[in-house]
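Everything on this sheet refers to the single structure shown next.
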Amino acid sequence: MYSSSLTDEEWLIIEPLLPKKKLTRPPTWTKREILDGIFYQLKNGCNWGDLPKDMPPYSTVYWHYKQWRSQGVIKTIMEELHLIFRQEEKKTCGRL
């Protein structure tokens with residue numbers, strides 16, 4: 001587990017925003033593991049090939065990142081998390 005890894009609470013928010021898998025063979029890596037790889041790279045700014053070895057292969061992580069970015073999934077995730085954060089911030093500011 002890394003500081004960029006999704007918490008269970010975050011995963012519950014993000015999972016419904018991800019595209020549904022087509023009926024093909026079962027995946028080797030879960031979407032959560034792939035997202036953890038994406039967030040690790042984005043947070044640390046490392047090369048894709050430098051992802052830790054306990055994460056999915058960088059080619060898998062990068063392929064999903066490109067697909068989800070072009071489909072607007074990454075943007076949707078960021079907008080949803082931003083909205084939730086802003087709502088929480090308003091609740092906190094209202095208590096002062």
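Starting from 1 in every chain, residues are counted up; chains themselves are A, B, ... following the order of the structure tokens, and ligands are numbered from 1 as listed.
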
Requested in this report: Report the residues of chain A whose backbone DSSP state falls under alpha helix (DSSP H), written as a PyMOL selection string.
Outcome: chain A and resi 8-14+31-44+58-70+73-94

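As for CA of Thr76 in chain A and CA of Asp36 in chain A, they are spaced 16.7 Å apart.
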
| request: Name the closest residue to Glu9 in chain A among the candidates A:Ile84, A:Arg69, A:Trp29, A:Lys91; distances are taken between atoms, counting only C-alpha atoms. | output: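 Smallest distance to Glu9 in chain A is found for A:Ile84.
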
**Asked** Of the candidates A:Ser5, A:Leu17, A:Pro27, A:Pro57, which shows the shortest atom-to-atom distance to Lys75 in chain A, using only C-alpha atoms?
**Response**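 So, comparing all the options, the nearest one is A:Leu17.
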
Residues within 7 Å of range 46-49 of chain A, please, as a PDB file with N, CA and C atoms, in the first residue's frame. Count only C-alpha atoms; anything in the same chain fewer than 5 positions from it doesn't count.
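Generated output (selection27.pdb):
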```
ATOM      1  N   GLN A  41       1.840   6.866 -10.318  1.00  0.00           N
ATOM      2  CA  GLN A  41       2.634   7.566 -11.329  1.00  0.00           C
ATOM      3  C   GLN A  41       2.327   9.059 -11.312  1.00  0.00           C
ATOM      4  N   TYR A  58       3.614  -1.807 -16.181  1.00  0.00           N
ATOM      5  CA  TYR A  58       3.405  -0.406 -16.605  1.00  0.00           C
ATOM      6  C   TYR A  58       2.655  -0.337 -17.926  1.00  0.00           C
ATOM      7  N   TYR A  62      -0.493   2.005 -18.186  1.00  0.00           N
ATOM      8  CA  TYR A  62      -0.471   3.104 -19.148  1.00  0.00           C
ATOM      9  C   TYR A  62      -1.558   2.939 -20.205  1.00  0.00           C
TER      10      TYR A  62
END
```

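In this comparison, which uses only C-alpha atoms, the residue of A:Glu15, A:Ser3, A:Tyr40, A:Cys93 approaching Glu80 in chain A most closely is A:Glu15.
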
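We find CA of Lys90 in chain A and CA of Met78 in chain A to be spaced 18.2 Å apart.
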
Using only C-alpha atoms: which of A:Gln71, A:Thr7, A:Thr60, A:Asn44 has the shortest distance to Pro19 in chain A |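 Checking each candidate against Pro19 in chain A, we get A:Gln71 as the closest.
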
One residue among A:Ile74, A:Val61, A:Leu23, A:Leu81 is nearest to Ile38 in chain A when using only C-alpha atoms, and that residue is A:Val61
